[in-house]
Structures are given as structure tokens and as C-alpha cells.
Number of protein chains: 2
Amino acid sequence: MAITTRLLEAAEKRMRRGGYNAVSFRDLASDTGIKSSSVHYHFPKKEDLGVALVERYSERFFDALEEAASSARTPKDRLDALVRVYRSALVEDEAICLCGLLGAEVAGLPYPLSQGIQTFFTANIEWVEDALPDTIKKAERNKIAGMVIAGLQGAMMIATSLADTDIFDDISATMVKQALPGD
Amino acid sequence: MAITTRLLEAAEKRMRRGGYNAVSFRDLASDTGIKSSSVHYHFPKKEDLGVALVERYSERFFDALEEAASSARTPKDRLDALVRVYRSALVEDEAICLCGLLGAEVAGLPYPLSQGIQTFFTANIEWVEDALPDTIKKAERNKIAGMVIAGLQGAMMIATSLADTDIFDDISATMVKQALPGD
DNA sequence: ATTTGCCTATCTACTGATAGATTATTACGA
DNA sequence: TCGTAATAATCTATCAGTAGATAGGCAAAT
């Protein structure tokens with residue numbers, strides 16, 4: 001695998017556990033077997049690394065979302081697909097969402113990073129908005145979409161805090177049910 | 001004001017913005033006008049500071065919650081009180097919940113801290129559970145309570161990320177409506 | 001006299017970052 | 001095909017700054 005990819009993977013793993021400041025160039029160096037100065041060759045400033053991480057994560061996330069929802073026909077199926085993507089991020093990676101974590105620390109992050117996080121969330125909310133039945137007014141859809149994303153992000157965080165994956169399933173299922181009362 | 005209190009306030013302000021690693025003994029020293037070694041006198045290890053912060057925050061939070069809900073008679077009133085407490089934490093302190101932020105970074109925190117965070121969330125969920133109408137079965141109440149807390153925590157995070165307080169109000173109002181469909 | 005609270009001074013470890021040398025790889029013209 | 005120039009990727013060595021933490025001293029309060 002390309003060294004930049006290996007660096008990004010190592011960095012994402014660490015950052016999704018401890019946050020932006022929990023990743024150091026020396027950590028990444030020892031993770032990948034190169035020297036910290038060589039890490040700087042690939043990502044001159046830490047900010048560059050952070051931006052690349054958020055970009056890569058967002059891309060992967062929305063790709064997975066398209067994939068998971070490709071055969072979804074109903075709003076319920078689409079929301080279930082969304083939940084599955086969030087769930088696999090939590091369970092398979094044993095970590096919360098990169099943007100969720102960075103979103104929590106956003107006040108202490110370099111500006112370009114906060115922009116990437118912002119984009120991630122607005123796109124996320126838009127996706128849910130479009131997934132909801134258009135029998136609901138757009139303004140209302142937007143609010144429900146915000147609730148769904150907030151709920152999923154919060155559920156990830158709480159599930160990690162309580163070391164209890166089940167609570168994520170309970171919360172996400174409950175929320176989808178509430179968001180689509182008809183089904 | 002007592003120096004320990006001033007230290008805790010300064011530390012909370014910083015930690016609720018950038019997370020655990022965004023607070024240093026030297027920061028707190030310059031915030032309060034004493035030397036960093038004197039900060040160690042009050043909180044020998046950083047972990048001690050962290051634990052004290054979570055304890056203090058939890059206490060204050062539940063006090064405010066009792067106060068806000070003291071005259072609440074209906075489930076709707078109680079949930080509205082909860083939302084008000086969360087909202088004032090977000091708006092007045094211009095920061096997200098301390099435990100929400102630390103919960104996101106929990107994998108990188110000393111164990112005693114994670115315990116405090118855990119306690120905060122279980123107590124939080126229990127409070128909502130008790131606030132919900134007992135016409136709903138307990139198991140269901142628990143799931144809705146989890147959803148409400150997850151939604152509020154997520155809403156804080158997203159509102160901060162997007163630098164948009166209104167979205168917190170939209171999400172929280174929508175969620176209370178969904179949690180109490182009858183009202 | 002003891003405790004409390006703060007000080008100076010210092011330690012080791014780690015942070016992000018840079019300069020400059022060295023090696024490996026690739027591209028290209030003779 | 002061979003030699004060479006250029007580029008890419010890594011290295012060693014180092015910097016100034018900051019991290020958490022400790023030892024020991026000094027002064028004021030109890």
C-alpha cells in the first residue's frame with residue numbers, strides 16, 4: 001500500500017480515538033516504520049494531514065452510503081442504509097465518526113479543518129432530507145434530518161462512552177421509527 | 001473566589017472547547033495568575049483535575065436540571081426543562097457539554113475519567129426515562145430517553161460545528177415533539 | 001509548630017517543524 | 001542500451017517550544 005495511505009490510515013485510527021491532539025508525527029512514524037521528518041514530507045503541516053483525513057473520511061463515508069442505499073426504494077430503506085453505514089463505522093472500526101469527534105473539538109482546530117467538518121455535516125443532513133418522503137414539507141424534512149444525524153452522532157458517542165454497542169442499535173432504531181411514524 | 005474554583009473554571013472553559021489535551025497546567029497558571037507548579041499543588045496529576053472537572057460539571061448540571069424542572073408537572077414540561085438546561089450550556093458558555101466532548105475522546109482518557117462520564121450519561125438517561133409518561137413501557141421509555149440524550153448531545157456538537165445555534169433549537173424541538181407524540 | 005499555599009528551579013519526554021545530506025527511482029537523450 | 005539528469009522519498013540531526021511532573025525553599029496563616 002502507498003505510504004501516504006498507510007499514514008492516513010494510522011492517523012485516522014488514532015484520531016478517531018483520542019482526537020486531533022492525540023496524533024503526533026512520531027506516532028505515525030513508528031506506526032509506518034519511517035522517520036517523523038519523512039512524515040512531514042508527505043504532510044508538511046499537521047493541518048494538511050487533518051484536512052486530508054477529513055476529505056478521505058467524507059469521501060469514503062458518502063461512497064459507502066451510496067453503495068448501501070443503492071437498492072433502497074423507500075424512505076425507510078434509505079434511513080436503514082444510513083444507520084448501517086454509521087453502525088459499521090462504529091463497530092468495525094471500533095471508533096466514533098472522525099467528523100463527530102473533530103466536530104466536538106472544533107473550537108480548537110485550524111480553520112480549514114472546521115470547514116471540512118462543516119461540509120460533512122451539511123451534506124449529511126441534505127442526504128437525509130432527500131431520503132425522507134416528500135409528503136413532508138421541506139422545512140420539516142430539514143429539521144427531522146438534523147435530528148437524525150444528531151441522534152446518530154450522539155448515539156455513537158454514548159455507545160463508546162458506555163462501551164455498549166447495543167445502545168446504538170436501540171437509539172438508532174427508535175429514531176428511525178420516530179422519523180417515519182407511518183411505517 | 002477560591003483558587004481551586006478559579007482553576008476549575010478556567011480548565012472547564014478550555015476543555016469544553018478543545019478537549020482534554022487542549023488544557024495544560026501552564027495555561028491554567030497564566031489564566032489564574034499563579035505558577036504551574038502551584039496548579040500541581042491543587043491537582044497533583046492531570047487526571048485529578050479531569051476527575052474534579054467531570055464531578056463538578058455533573059453536579060452543576062443536575063442541580064440546574066432539578067431547578068429548571070422543579071415546577072414542571074407534565075412530561076412535556078420536564079423535557080422542555082431539560083432542553084433549556086442543555087441550551088443554556090451551549091449558548092451561555094459558548095461550548096458543548098464537557099461530558100459530551102470527553103465522551104467523544106473517551107478512548108484516549110485515563111480510566112477514572114471515563115467512569116465519571118459513564119455515570120453522567122446513565123444518570124442523564126435515567127432522568128429522561130423518569131420524565132416520560134408512565135403510559136409508555138419502561139423498556140420503551142429507556143430507548144426514547146437514550147434517543148433524547150443522544151439527540152441533544154449531537155445537536156450541541158453540530159450546532160458548534162456549523163456555528164449555528166438555531167439548528168440546536170430546531171433539532172431539540174423536533175425531538176421533543178417526536179418523543180411525546182400525543183402532546 | 002505545623003500546615004497551607006505559593007514560589008524558583010529543574011527534569012525528562014515529547015511536540016511540530018526545518019535544514020541539508022543521502023539514496024532510490026524514473027525519464028530521456030546519445 | 002547506457003549514462004546522466006532530474007525527481008521523489010527517505011534519512012540524520014537539530015531546533016525552540018511545551019508537556020506533565022517534582023524537589024526544595026519561603027512566607028503567611030492556623
# chains A, B, ... in the order shown; residues from 1 in each chain; ligands from 1
$ interface_residues --of "chain B" --to "chain C" --cutoff "10 Å" --atoms "only C-alpha atoms (C1' of nucleotides)" --output "list of chain:residue names"
B:Ile34, B:Lys35, B:Ser37, B:Ser38, B:Val39, B:Tyr41, B:His42
$ write_last_selection --atoms "C-alpha atoms" --output "short mmCIF file (atom, residue, chain, number, x, y, z; two decimals), in the first residue's frame"
data_model
loop_
_atom_site.label_atom_id
_atom_site.label_comp_id
_atom_site.auth_asym_id
_atom_site.auth_seq_id
_atom_site.Cartn_x
_atom_site.Cartn_y
_atom_site.Cartn_z
CA ILE B 34 -0.16 31.58 39.67
CA LYS B 35 2.69 29.28 38.65
CA SER B 37 3.83 24.15 39.95
CA SER B 38 1.20 25.72 42.18
CA VAL B 39 -1.51 24.28 39.98
CA TYR B 41 -0.37 21.66 44.39
CA HIS B 42 -4.14 21.75 43.94
#
$ interface_residues --of "chain D" --to "chain B" --cutoff "12 Å" --atoms "only C-alpha atoms (C1' of nucleotides)" --output "list in words"
DT18, DA19, DG20, DA21, DT22 and DA23 of chain D
$ select_by_dssp --residues "stretch 40-171 of chain B" --states "helix (DSSP H, G or I)" --output "PyMOL selection string"
chain B and resi 40-42+46-69+75-92+98-104+106-108+111-131+138-161+165-171
$ interface_residues --of "chain A" --to "chain B" --cutoff "6 Å" --atoms "only C-alpha atoms" --output "list in words"
Arg17, Gly18, Leu101, Gly103, Ala104, Glu105, Ala107, Gly108, Gln118, Lys143, Gly146, Met147, Ala150, Gly151, Gln153, Gly154, Ala155, Met157, Ser161, Leu162, Asp170, Ile171 and Gln178 of chain A
